[in-house]
Structure formats: structure tokens, C-alpha cells
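**Q** The file below is start-v8.tsv, TSV, C-alpha atoms:
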chain	number	residue	atom	x	y	z
W	209	MET	CA	0.00	0.00	0.00
W	210	ILE	CA	1.03	3.57	-0.63
W	211	ILE	CA	0.33	6.20	2.01
W	212	GLU	CA	0.27	9.75	0.73
W	213	LEU	CA	0.81	12.44	3.34
W	214	ARG	CA	2.47	15.76	3.97
W	215	GLN	CA	4.06	15.51	7.35
W	216	ASP	CA	6.88	17.66	8.71
W	217	ILE	CA	9.94	15.45	9.22
W	218	LEU	CA	11.01	17.64	12.12
W	219	VAL	CA	7.64	17.30	13.85
W	220	ALA	CA	9.25	16.15	17.13
W	221	ASN	CA	11.44	19.24	17.19
W	222	GLN	CA	8.51	21.50	16.27
W	223	LYS	CA	6.37	20.09	19.10
W	224	MET	CA	9.03	21.09	21.61
W	225	VAL	CA	9.34	24.48	19.87
W	226	SER	CA	5.66	25.10	20.63
W	227	VAL	CA	6.21	24.25	24.31
W	228	VAL	CA	9.29	26.52	24.46
W	229	LYS	CA	7.42	29.40	22.80
W	230	GLU	CA	4.45	29.03	25.10
W	231	ARG	CA	6.60	29.02	28.20
W	232	LEU	CA	8.51	32.13	27.07
W	233	ALA	CA	5.29	33.92	26.17
W	234	GLN	CA	3.73	33.23	29.57
W	235	GLU	CA	6.58	35.02	31.33
W	236	LYS	CA	7.18	37.59	28.55
W	237	VAL	CA	10.74	36.44	28.08
W	238	LEU	CA	12.62	37.25	24.86
W	239	MET	CA	14.91	34.49	23.55
W	240	LEU	CA	17.71	35.12	21.05
W	241	ASN	CA	19.78	32.53	19.20
W	242	ILE	CA	23.33	33.69	18.40
W	243	ILE	CA	24.84	31.85	15.44
W	244	GLY	CA	28.31	32.31	13.93
W	245	SER	CA	31.59	30.60	13.05
W	246	PRO	CA	34.03	29.33	15.66
W	247	GLY	CA	36.15	32.37	16.52
W	248	SER	CA	33.76	35.00	15.19
W	249	GLY	CA	33.47	36.48	18.69
W	250	LYS	CA	30.11	35.18	19.87
W	251	THR	CA	31.32	34.88	23.45
W	252	SER	CA	33.01	38.30	23.29
W	253	LEU	CA	29.72	39.74	22.03
W	254	LEU	CA	27.99	38.12	25.01
W	255	GLU	CA	30.58	39.64	27.35
W	256	ALA	CA	29.92	43.11	25.91
W	257	THR	CA	26.17	42.45	25.99
W	258	LEU	CA	26.13	41.30	29.62
W	259	ALA	CA	28.28	44.26	30.63
W	260	GLY	CA	25.77	46.60	28.98
W	261	LEU	CA	22.48	44.98	30.01
W	262	THR	CA	22.75	43.42	33.44
W	263	GLU	CA	22.09	46.66	35.32
W	264	ARG	CA	18.70	47.07	33.67
W	265	PHE	CA	17.65	43.54	32.79
W	266	GLN	CA	17.90	40.01	34.10
W	267	VAL	CA	19.73	38.09	31.36
W	268	ALA	CA	20.12	34.31	31.29
W	269	ILE	CA	22.67	32.63	29.06
W	270	ILE	CA	22.61	29.19	27.45
W	271	GLU	CA	26.12	28.31	26.29
W	272	ALA	CA	26.49	25.45	23.82
W	273	ASP	CA	29.79	24.00	22.80
W	274	VAL	CA	30.89	20.70	21.36
W	275	GLU	CA	33.49	20.35	24.12
W	276	THR	CA	34.83	22.27	27.17
W	277	LYS	CA	33.20	24.78	29.53
W	278	ARG	CA	35.61	27.56	28.61
W	279	ASP	CA	32.99	29.93	27.25
W	280	SER	CA	30.84	29.53	30.34
W	281	GLU	CA	33.85	30.16	32.56
W	282	ARG	CA	34.49	33.43	30.71
W	283	LEU	CA	30.94	34.58	31.42
W	284	GLU	CA	30.71	33.53	35.08
W	285	ARG	CA	32.02	36.87	36.36
W	286	PHE	CA	28.87	38.66	35.23
W	287	GLY	CA	26.78	36.69	37.73
W	288	ALA	CA	23.99	36.05	35.21
W	289	PRO	CA	22.24	32.67	35.36
W	290	LEU	CA	24.28	30.44	33.06
W	291	TYR	CA	23.33	27.07	31.61
W	292	HIS	CA	25.99	25.06	29.90
W	293	ILE	CA	25.44	22.43	27.22
W	294	ASN	CA	28.11	20.18	25.76
W	295	THR	CA	26.68	18.73	22.58
W	296	GLY	CA	29.38	16.07	22.34
W	297	GLY	CA	29.94	16.37	18.62
W	298	MET	CA	26.48	17.47	17.58
W	299	CYS	CA	26.79	20.48	15.29
W	300	HIS	CA	23.64	22.33	16.35
W	301	LEU	CA	21.05	22.65	19.12
W	302	GLU	CA	17.54	21.24	18.99
W	303	SER	CA	14.49	22.39	20.91
W	304	ASP	CA	14.39	19.55	23.45
W	305	ILE	CA	17.78	20.63	24.84
W	306	ILE	CA	16.57	24.23	25.14
W	307	LEU	CA	13.44	23.09	26.94
W	308	SER	CA	15.57	21.20	29.50
W	309	SER	CA	17.57	24.39	30.10
W	310	LEU	CA	14.41	26.48	30.48
W	311	ASP	CA	13.14	23.90	32.98
W	312	GLN	CA	16.02	24.81	35.26
W	313	MET	CA	15.38	28.57	35.07
W	314	ASP	CA	13.16	30.79	37.14
W	315	LEU	CA	11.67	32.32	34.00
W	316	ALA	CA	9.46	34.72	35.93
W	317	SER	CA	12.56	36.62	37.04
W	318	ILE	CA	14.24	36.66	33.59
W	319	ASP	CA	13.83	39.27	30.84
W	320	VAL	CA	15.92	37.76	28.07
W	321	VAL	CA	17.53	34.40	27.36
W	322	ILE	CA	20.51	34.54	25.02
W	323	ILE	CA	21.70	31.30	23.49
W	324	GLU	CA	25.19	30.93	22.08
W	325	ASN	CA	24.75	28.15	19.55
W	326	VAL	CA	27.52	25.79	18.46
W	327	GLY	CA	30.07	27.55	16.22
W	328	ASN	CA	28.74	26.69	12.77
W	329	LEU	CA	27.11	28.67	9.95
W	330	ILE	CA	25.00	25.93	8.42
W	331	CYS	CA	23.34	23.43	10.75
W	332	PRO	CA	22.07	25.77	13.51
W	333	ALA	CA	20.30	27.86	10.86
W	334	ASP	CA	18.17	24.85	9.96
W	335	PHE	CA	16.80	24.05	13.42
W	336	ASP	CA	14.13	26.15	15.04
W	337	ILE	CA	14.68	26.07	18.81
W	338	GLY	CA	11.81	28.35	19.77
W	339	GLU	CA	13.82	31.57	19.63
W	340	HIS	CA	12.22	34.90	18.76
W	341	ALA	CA	15.18	35.91	16.61
W	342	LYS	CA	18.31	34.43	15.15
W	343	ILE	CA	21.33	36.73	15.27
W	344	ALA	CA	24.10	36.07	12.74
W	345	VAL	CA	27.60	36.96	13.90
W	346	SER	CA	30.36	37.31	11.33
W	347	SER	CA	33.80	38.80	11.83
W	348	VAL	CA	36.29	40.70	9.71
W	349	PRO	CA	39.09	38.07	9.66
W	350	GLU	CA	36.65	35.50	8.22
W	351	GLY	CA	36.44	37.55	5.03
W	352	ASP	CA	33.72	39.63	3.40
W	353	ASP	CA	32.19	36.71	1.48
W	354	LYS	CA	30.39	35.01	4.38
W	355	PRO	CA	26.85	36.24	3.53
W	356	SER	CA	27.21	34.93	-0.05
W	357	LYS	CA	28.65	31.61	1.07
W	358	TYR	CA	26.16	30.96	3.87
W	359	PRO	CA	23.05	32.76	2.60
W	360	VAL	CA	20.41	30.91	4.58
W	361	LEU	CA	21.73	32.01	7.98
W	362	PHE	CA	21.96	35.63	6.82
W	363	ARG	CA	18.46	35.41	5.29
W	364	GLU	CA	16.94	33.97	8.45
W	365	ALA	CA	18.71	36.39	10.80
W	366	GLU	CA	16.76	39.27	12.34
W	367	ALA	CA	19.99	41.10	13.08
W	368	VAL	CA	23.52	40.75	11.72
W	369	VAL	CA	26.59	41.61	13.77
W	370	LEU	CA	29.85	42.25	11.95
W	371	ASN	CA	32.44	41.90	14.67
W	372	LYS	CA	36.13	42.88	14.89
W	373	VAL	CA	35.71	45.95	12.67
W	374	ASP	CA	38.82	47.41	14.36
W	375	LEU	CA	40.81	44.85	12.31
W	376	VAL	CA	39.63	46.13	8.91
W	377	PRO	CA	42.84	48.15	8.27
W	378	TYR	CA	44.97	45.02	8.72
W	379	THR	CA	43.04	42.76	6.34
W	380	ASN	CA	41.71	42.74	2.79
W	381	PHE	CA	38.13	42.84	4.12
W	382	ASN	CA	35.92	45.05	1.97
W	383	THR	CA	33.00	46.36	4.02
W	384	GLU	CA	31.11	47.48	0.92
W	385	ASN	CA	31.28	43.97	-0.59
W	386	PHE	CA	29.99	42.50	2.67
W	387	THR	CA	27.12	44.98	2.86
W	388	THR	CA	26.17	44.70	-0.82
W	389	ASP	CA	26.05	40.89	-0.63
W	390	LEU	CA	24.10	41.00	2.62
W	391	ARG	CA	21.53	43.38	1.12
W	392	ARG	CA	20.88	41.01	-1.80
W	393	ILE	CA	20.15	38.22	0.68
W	394	ASN	CA	18.37	40.20	3.38
W	395	GLY	CA	17.66	43.76	2.32
W	396	THR	CA	15.95	44.87	5.51
W	397	VAL	CA	18.02	43.25	8.28
W	398	PRO	CA	19.70	45.61	10.79
W	399	LEU	CA	23.50	45.42	10.56
W	400	PHE	CA	25.69	46.25	13.56
W	401	GLU	CA	29.32	46.87	12.73
W	402	LEU	CA	31.19	46.70	16.01
W	403	SER	CA	34.19	45.60	18.00
W	404	ALA	CA	32.97	43.52	20.93
W	405	THR	CA	36.32	43.80	22.71
W	406	GLY	CA	37.17	47.39	21.72
W	407	GLY	CA	33.69	48.76	22.31
W	408	ASP	CA	33.17	50.59	18.99
W	409	GLY	CA	29.60	50.25	17.77
W	410	VAL	CA	28.46	48.17	20.76
W	411	GLN	CA	26.00	50.82	21.95
W	412	ALA	CA	23.85	50.59	18.79
W	413	TRP	CA	23.62	46.81	19.28
W	414	LEU	CA	22.62	47.27	22.93
W	415	ASP	CA	20.01	49.88	21.96
W	416	TRP	CA	18.47	47.41	19.50
W	417	LEU	CA	18.43	44.69	22.15
W	418	VAL	CA	16.80	46.96	24.71
W	419	GLN	CA	14.13	47.85	22.16
W	420	ARG	CA	13.47	44.15	21.48
W	421	ILE	CA	13.30	43.28	25.19
W	422	GLU	CA	10.92	46.15	25.90
W	423	ALA	CA	8.74	45.23	22.91
W	424	SER	CA	8.44	41.63	24.10
W	425	GLN	CA	7.48	42.79	27.58
W	426	ALA	CA	4.78	45.04	26.17
W	427	VAL	CA	3.15	42.19	24.23
W	428	ASP	CA	-0.28	41.00	25.33
W	429	VAL	CA	0.45	37.46	26.56
W	430	THR	CA	-2.92	36.04	25.60
W	431	ALA	CA	-2.51	37.31	22.02
W	432	SER	CA	0.99	35.91	21.57
W	433	ILE	CA	0.28	32.27	22.42
Q	14	MET	CA	26.19	17.47	8.58
Q	15	HIS	CA	22.69	18.31	9.77
Q	16	GLU	CA	21.55	15.76	7.15
Q	17	MET	CA	22.33	13.03	9.72
Q	18	SER	CA	20.09	14.63	12.35
Q	19	ILE	CA	17.26	15.22	9.90
Q	20	VAL	CA	17.43	11.63	8.67
Q	21	GLU	CA	17.23	10.45	12.31
Q	22	HIS	CA	14.05	12.52	12.67
Q	23	LEU	CA	12.81	10.97	9.40
Q	24	PHE	CA	13.32	7.43	10.77
Q	25	GLY	CA	11.32	8.42	13.84
Q	26	VAL	CA	8.43	9.69	11.71
Q	27	ILE	CA	8.53	6.57	9.49
Q	28	ALA	CA	8.36	4.30	12.58
Q	29	GLU	CA	5.37	6.22	13.94
Q	30	ILE	CA	3.48	6.09	10.66
Q	31	ALA	CA	4.33	2.41	10.14
Q	32	GLU	CA	2.95	1.57	13.56
Q	33	LYS	CA	-0.19	3.61	13.04
Q	34	GLU	CA	-0.85	2.04	9.63
Q	35	GLY	CA	0.21	-1.47	10.65
Q	36	LEU	CA	3.07	-1.71	8.14
Q	37	SER	CA	5.58	-4.51	8.62
Q	38	SER	CA	8.01	-3.51	5.86
Q	39	ILE	CA	8.67	-0.42	3.78
Q	40	GLN	CA	9.82	-0.32	0.17
Q	41	ARG	CA	9.88	3.34	-0.64
Q	42	VAL	CA	9.91	6.70	1.09
Q	43	GLU	CA	9.41	10.05	-0.64
Q	44	VAL	CA	10.47	13.34	0.83
Q	45	GLU	CA	10.14	16.96	-0.26
Q	46	ILE	CA	12.91	19.38	0.68
Q	47	GLY	CA	12.95	23.15	0.21
Q	48	GLY	CA	15.90	25.06	-1.21
Q	49	MET	CA	16.40	26.89	2.09
Q	50	ARG	CA	17.12	23.66	3.95
Q	51	GLN	CA	20.75	23.48	2.80
Q	52	ILE	CA	20.46	19.74	2.25
Q	53	VAL	CA	23.18	18.09	0.18
Q	54	PRO	CA	21.32	15.31	-1.65
Q	55	GLU	CA	24.27	12.91	-1.61
Q	56	LEU	CA	24.73	13.36	2.15
Q	57	PHE	CA	21.03	12.91	2.81
Q	58	GLN	CA	21.00	9.73	0.72
Q	59	PHE	CA	24.16	8.48	2.45
Q	60	ALA	CA	22.72	9.13	5.92
Q	61	PHE	CA	19.51	7.32	4.94
Q	62	ASP	CA	21.31	4.28	3.52
Q	63	ALA	CA	23.76	4.13	6.44
Q	64	GLY	CA	21.03	4.23	9.06
Q	65	LYS	CA	18.06	2.42	7.52
Q	66	ASP	CA	19.10	-1.16	8.28
Q	67	ARG	CA	18.40	-0.74	11.99
Q	68	THR	CA	14.92	0.64	11.28
Q	69	ILE	CA	11.70	-0.59	9.72
Q	70	ALA	CA	12.85	1.13	6.52
Q	71	ALA	CA	15.63	-1.44	6.01
Q	72	GLY	CA	15.84	-2.06	2.28
Q	73	ALA	CA	13.67	0.94	1.45
Q	74	GLU	CA	14.50	3.26	-1.41
Q	75	LEU	CA	14.51	7.01	-0.87
Q	76	ALA	CA	13.20	9.51	-3.41
Q	77	MET	CA	13.90	13.21	-2.91
Q	78	THR	CA	12.10	16.13	-4.54
Q	79	PHE	CA	13.57	19.59	-4.17
Q	80	VAL	CA	11.31	22.64	-3.99
Q	81	PRO	CA	12.63	25.95	-5.36
Q	82	ILE	CA	12.60	29.01	-3.13
Q	83	GLN	CA	9.69	31.29	-3.95
Q	84	ALA	CA	9.06	34.80	-2.71
Q	85	THR	CA	6.48	37.57	-2.93
Q	86	CYS	CA	7.53	41.20	-3.21
Q	87	ASN	CA	6.16	43.29	-0.35
Q	88	VAL	CA	6.35	46.41	-2.54
Q	89	CYS	CA	4.84	45.48	-5.95
Q	90	GLY	CA	3.32	42.10	-5.12
Q	91	ALA	CA	5.23	40.17	-7.81
Q	92	VAL	CA	5.71	36.44	-7.16
Q	93	PHE	CA	9.10	35.12	-8.21
Q	94	GLU	CA	11.52	32.23	-7.85
Q	95	VAL	CA	14.65	33.06	-5.84
Q	96	GLN	CA	17.75	32.13	-7.83
Q	97	LEU	CA	21.17	31.78	-6.21
Q	98	HIS	CA	19.82	33.15	-2.94
Q	99	GLU	CA	19.19	36.64	-4.37
Q	100	TYR	CA	16.16	37.76	-2.42
Q	101	VAL	CA	15.51	40.74	-4.69
Q	102	CYS	CA	12.30	41.38	-6.65
Q	103	GLY	CA	12.92	40.87	-10.38
Q	104	SER	CA	10.10	43.26	-11.31
Q	105	CYS	CA	10.76	46.35	-9.18
Q	106	GLY	CA	14.14	45.67	-7.57
Q	107	ALA	CA	12.83	45.86	-3.99
Q	108	VAL	CA	14.66	43.88	-1.30
Q	109	ASP	CA	11.65	43.80	1.02
Q	110	VAL	CA	10.39	40.36	0.01
Q	111	LYS	CA	8.70	37.49	1.82
Q	112	VAL	CA	9.71	33.88	1.27
Q	113	THR	CA	6.61	31.79	0.55
Q	114	ALA	CA	8.15	28.41	-0.34
Q	115	GLY	CA	11.50	26.71	0.13
Q	116	LYS	CA	11.48	25.80	3.80
Q	117	GLU	CA	9.70	22.46	3.31
Q	118	ILE	CA	11.08	19.36	5.00
Q	119	LEU	CA	8.27	16.87	4.47
Q	120	ILE	CA	7.63	13.19	4.12
Q	121	THR	CA	5.12	12.90	1.28
Q	122	SER	CA	4.73	9.18	0.67
Q	123	ILE	CA	5.45	5.79	2.24
Q	124	GLU	CA	5.04	2.56	0.33
Q	125	GLY	CA	4.96	-0.60	2.41
Q	126	ASP	CA	3.27	-3.90	3.22
Q	127	CYS	CA	0.79	-4.56	5.99
Q	128	ASP	CA	1.29	-7.28	8.63
Q	129	ASP	CA	-1.45	-9.46	7.14
Q	130	ASN	CA	-0.12	-9.39	3.55
Would you kindly transcribe this structure into C-alpha cells?
**A**
Amino acid sequence: MIIELRQDILVANQKMVSVVKERLAQEKVLMLNIIGSPGSGKTSLLEATLAGLTERFQVAIIEADVETKRDSERLERFGAPLYHINTGGMCHLESDIILSSLDQMDLASIDVVIIENVGNLICPADFDIGEHAKIAVSSVPEGDDKPSKYPVLFREAEAVVLNKVDLVPYTNFNTENFTTDLRRINGTVPLFELSATGGDGVQAWLDWLVQRIEASQAVDVTASI
Amino acid sequence: MHEMSIVEHLFGVIAEIAEKEGLSSIQRVEVEIGGMRQIVPELFQFAFDAGKDRTIAAGAELAMTFVPIQATCNVCGAVFEVQLHEYVCGSCGAVDVKVTAGKEILITSIEGDCDDN
């Protein structure tokens, strides 16, 4: 017999996504999914973000790495609730892992959950984990061709961070090429050119984040579920 | 290599459907994959063949259909196929466009035998 159907292959993941979204909506928590290459400065961006936000907002971090707790150790000094995941070789996060992390949090006291996904430009872009926005992080030493080479991540992103802009004079990175390619893929996405360690441009990124957090807190809970 | 993970999810869905429909063996599985899924067909096929023997789909053949990315222009309303990931309206040049197809990751058909056959 032949059974014709149209069923989502990732149905198990999507079911957990619904639970994650519902739980976040109940407590008006914003959740962001930071995706970028190994070494693009995702953890440095988190350091700059925590330094800029923790006075006003309660931020929780989910740190995912294939191996080691080094990133989590770097972030401990900020005192934000920190949940560490070692994926043990898996190249991306799925929603069941995020749900287990949320289970351990006191969501009522948290304004925003920021997830640092596994360093990878392809696989994490393909798995919905219940986040409100994916943030693509690229950095100057990686070259200006990353949007063209990994278009889906840059298309799906609701904000793009170009990190390490202080290194532009020492490389052959062409900012105009990067921007032109990005605009062909995602013409309306906000782009933040910054140096997470140097501080240049970080304020604009923080302002955007604050706006997003405040918008999610203003949402009518019953309408968003 | 997210193909591996997606194929694992596929085996899970096949097992559920087989149980619900009372299938004891499966000969053929058809899937539909959108152009935004970044699936390498050879890797997907490899992951399926490498994993199927420990599932009810042992011996099954896999057929893949790829769906082009389609978008609608939010400015002029034109509907167009996105080529080479250029999300720009071909009619008016606007970059404010909405993707309407290309994210599919579906199982569309299972061919198998029932227990009593």
C-alpha cells in the first residue's frame, strides 16, 4: 500500500518548539539565538552584551559547545544565570535541549535568554529552537564573502553583527562587498558593525536589544500564544 | 552534517506512521525538501542508507524532490523564484520580500506492506 501524506519530518522538534514558545510567552521572556563561526566572537559579544544589560535587565545565558566549559567560565564573572550544554559532537542545538535548560530557570525573574549556539554557519540555521530571533555573527578576519557563502543564515537572521571591525585596516576585508552581498540576501536586516572587545559600535547593538526586550514585555500574553 | 540529524528525525516519523498504519516492511519513502534547507542530496542519501538497516525502513528506497525558493515582493506584489539566494524582486528591484516556499522538509509518501499481507 502507498500512504500519501504531507508531514513535517522535524515534527518532534517542532512540538518542543511550541512548548518553548508558550513558556517564554507566559513570562514575557525574549529568547535570542546567536549563530556564527568558531572564533567569530560570539562569546566576546555576550561579554559586551552582559556588561551593557545586566544593570537594567535580568539576562540568562545558554552556552552550547561541542566540548569544554571555557565559554561559560568566561561569562561567570557577570553573575547572570548560566546554563551550559556540551553537545558532544552534535553540530547544532535542537528544541528539546533548550526546553531542559528552560526547565532549570526561574523564568518569571528573567527578561531575556541569550543562546550561544555551536560555532557553525549551516546546521544551527536549519533548526528552530523556539527563539524569537536568530542573530548572525560574522567577523572581519573570516572575510567579506560570508553572507554569499552561507546565505540561509543571513536570510533567516533578524539582526547581523559584523564583529572585529577594528581589524579592517589590517586585512583585505571590503565592508562594501559585505554589505552589498548581505543586502541582496536580506535587504531589511539591521547590521551592527562593532568591535565587541574594543567597544566601537556596541551601543547601537545594545540599543536594538533593549528595544526588542521592551517590545516583548509590552506584548499582550494572551494574544501571543 | 545536519543531514544526519534530519534523517534520524525521518526514521522516527517513518516508525510512527508504520505503527499507526500497521506496516511490517517499507519499500519506498518520498520526501520533499525546500531550497532553504541546505540539504546536500548525496549526504542525505548516504545518511539514509547508512542508518536504515536498523529501522523498519531497512531495504527501502529514498526519493527526494527539491522545492525551489519562492518569494512575494512586499512592494509590488510580484511572485518570483529566488535564484542563487538573491532575495531581490525581479520586477521592481525591492529587497523587502517574503519567502513563501522553500522551507519544506516533508515526508510525502510511504510505500509498504501490511502485517497481514
**Q** Give one line per residue of chain W that approaches chain Q to at most 10 Å, naming the two atoms of the closest pair and their distance in Å to one decimal, counting all atoms listed in the file; sort by chain then ascending residue number and deliver it as a Markdown table.
**A**
| residue | atom | partner | partner_atom | distance |
| --- | --- | --- | --- | --- |
| W:Met209 | CA | Q:Gly125 | CA | 5.5 |
| W:Ile210 | CA | Q:Glu124 | CA | 4.2 |
| W:Ile211 | CA | Q:Ile123 | CA | 5.1 |
| W:Glu212 | CA | Q:Ser122 | CA | 4.5 |
| W:Leu213 | CA | Q:Thr121 | CA | 4.8 |
| W:Arg214 | CA | Q:Thr121 | CA | 4.7 |
| W:Gln215 | CA | Q:Leu119 | CA | 5.3 |
| W:Asp216 | CA | Q:Leu119 | CA | 4.5 |
| W:Ile217 | CA | Q:Leu119 | CA | 5.2 |
| W:Leu218 | CA | Q:His22 | CA | 6.0 |
| W:Val219 | CA | Q:Val26 | CA | 7.9 |
| W:Ala220 | CA | Q:His22 | CA | 7.5 |
| W:Asn221 | CA | Q:His22 | CA | 8.5 |
| W:Met298 | CA | Q:His15 | CA | 8.7 |
| W:Cys299 | CA | Q:His15 | CA | 7.2 |
| W:His300 | CA | Q:His15 | CA | 7.8 |
| W:Glu302 | CA | Q:Ser18 | CA | 9.7 |
| W:Ile330 | CA | Q:Gln51 | CA | 7.5 |
| W:Cys331 | CA | Q:His15 | CA | 5.3 |
| W:Pro332 | CA | Q:His15 | CA | 8.4 |
| W:Ala333 | CA | Q:Arg50 | CA | 8.7 |
| W:Asp334 | CA | Q:Arg50 | CA | 6.2 |
| W:Phe335 | CA | Q:His15 | CA | 9.0 |
| W:Ser356 | CA | Q:His98 | CA | 8.1 |
| W:Lys357 | CA | Q:His98 | CA | 9.8 |
| W:Tyr358 | CA | Q:Gln51 | CA | 9.3 |
| W:Pro359 | CA | Q:His98 | CA | 6.4 |
| W:Val360 | CA | Q:Met49 | CA | 6.2 |
| W:Leu361 | CA | Q:Met49 | CA | 9.5 |
| W:Arg363 | CA | Q:Tyr100 | CA | 8.4 |
| W:Glu364 | CA | Q:Met49 | CA | 9.5 |
| W:Asp389 | CA | Q:Glu99 | CA | 8.9 |
| W:Leu390 | CA | Q:Glu99 | CA | 9.6 |
| W:Arg391 | CA | Q:Val108 | CA | 7.3 |
| W:Arg392 | CA | Q:Glu99 | CA | 5.3 |
| W:Ile393 | CA | Q:Tyr100 | CA | 5.1 |
| W:Asn394 | CA | Q:Tyr100 | CA | 6.7 |
| W:Gly395 | CA | Q:Val108 | CA | 4.7 |
| W:Thr396 | CA | Q:Asp109 | CA | 6.3 |
| W:Val397 | CA | Q:Asp109 | CA | 9.7 |
**Q** In the coordinates of the file, take the point (4.1, 48.2, -7.0) and a cut-off of 12 Å; then, counting all atoms listed in the file, name each qualifying protein, DNA or RNA residue as a count of residues only.
**A** 15
**Q** Which residues are near stretch 248-257 of chain W? Cut-off 6 Å, all atoms listed in the file, ignore same chain within fewer than 5 positions. Put them as a PyMOL selection string.
**A** chain W and resi 346-347+404
**Q** Atom CA of W:Gln419 and atom CA of W:Ala316 are how many Å apart?
**A**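 Between these atoms lies a distance of 19.6 Å.
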**Q** Please provide the set of residues having any atom within 9 Å of W:Ser309, restricted to all atoms listed in the file, with same-chain residues fewer than 4 positions apart removed, written as number ranges by chain.
**A** W: 270, 291-293, 304-305, 313
**Q** Give as an MDAnalysis selection string every residue, naming chains and numbers as the document does, that has an atom within 9 Å of (13.3, 23.6, 19.4), counting only C-alpha atoms.
**A** chainID W and resid 220:229 301:307 335:339
**Q** How far is it from atom CA of W:Gly297 to atom CA of W:Pro246, in Å with one decimal?
**A** 13.9 Å
**Q** May I have the residues within 7 Å of W:Thr295 as a PDB file with C-alpha atoms, keeping the file's coordinate frame, using all atoms listed in the file and disregarding those fewer than 3 positions away in the same chain?
**A**
ATOM      1  CA  ALA W 272      26.490  25.450  23.820  1.00  0.00           C
ATOM      2  CA  ASP W 273      29.790  24.000  22.800  1.00  0.00           C
ATOM      3  CA  VAL W 274      30.890  20.700  21.360  1.00  0.00           C
ATOM      4  CA  MET W 298      26.480  17.470  17.580  1.00  0.00           C
TER       5      MET W 298
END
**Q** To one decimal in Å, tell me the separation between atom CA of W:Ala426 and atom CA of W:Leu402.
**A**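 Rounded to one decimal, the two atoms are 28.3 Å apart.
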**Q** Would you pick out the contacts of W:Gly247 at 12 Å or less, using all atoms listed in the file, so that residues sharing its chain but fewer than 5 positions from it are not included, and give the list as number ranges by chain?
**A** W: 252-253, 279, 326-329, 345-350, 371-372
**Q** Let me make sure I understand: among W:Leu232, W:Leu370, W:Ile243, W:Ala412, which one has the smallest atom-to-atom distance to W:Asn325 if we use all atoms listed in the file?
**A** W:Ile243
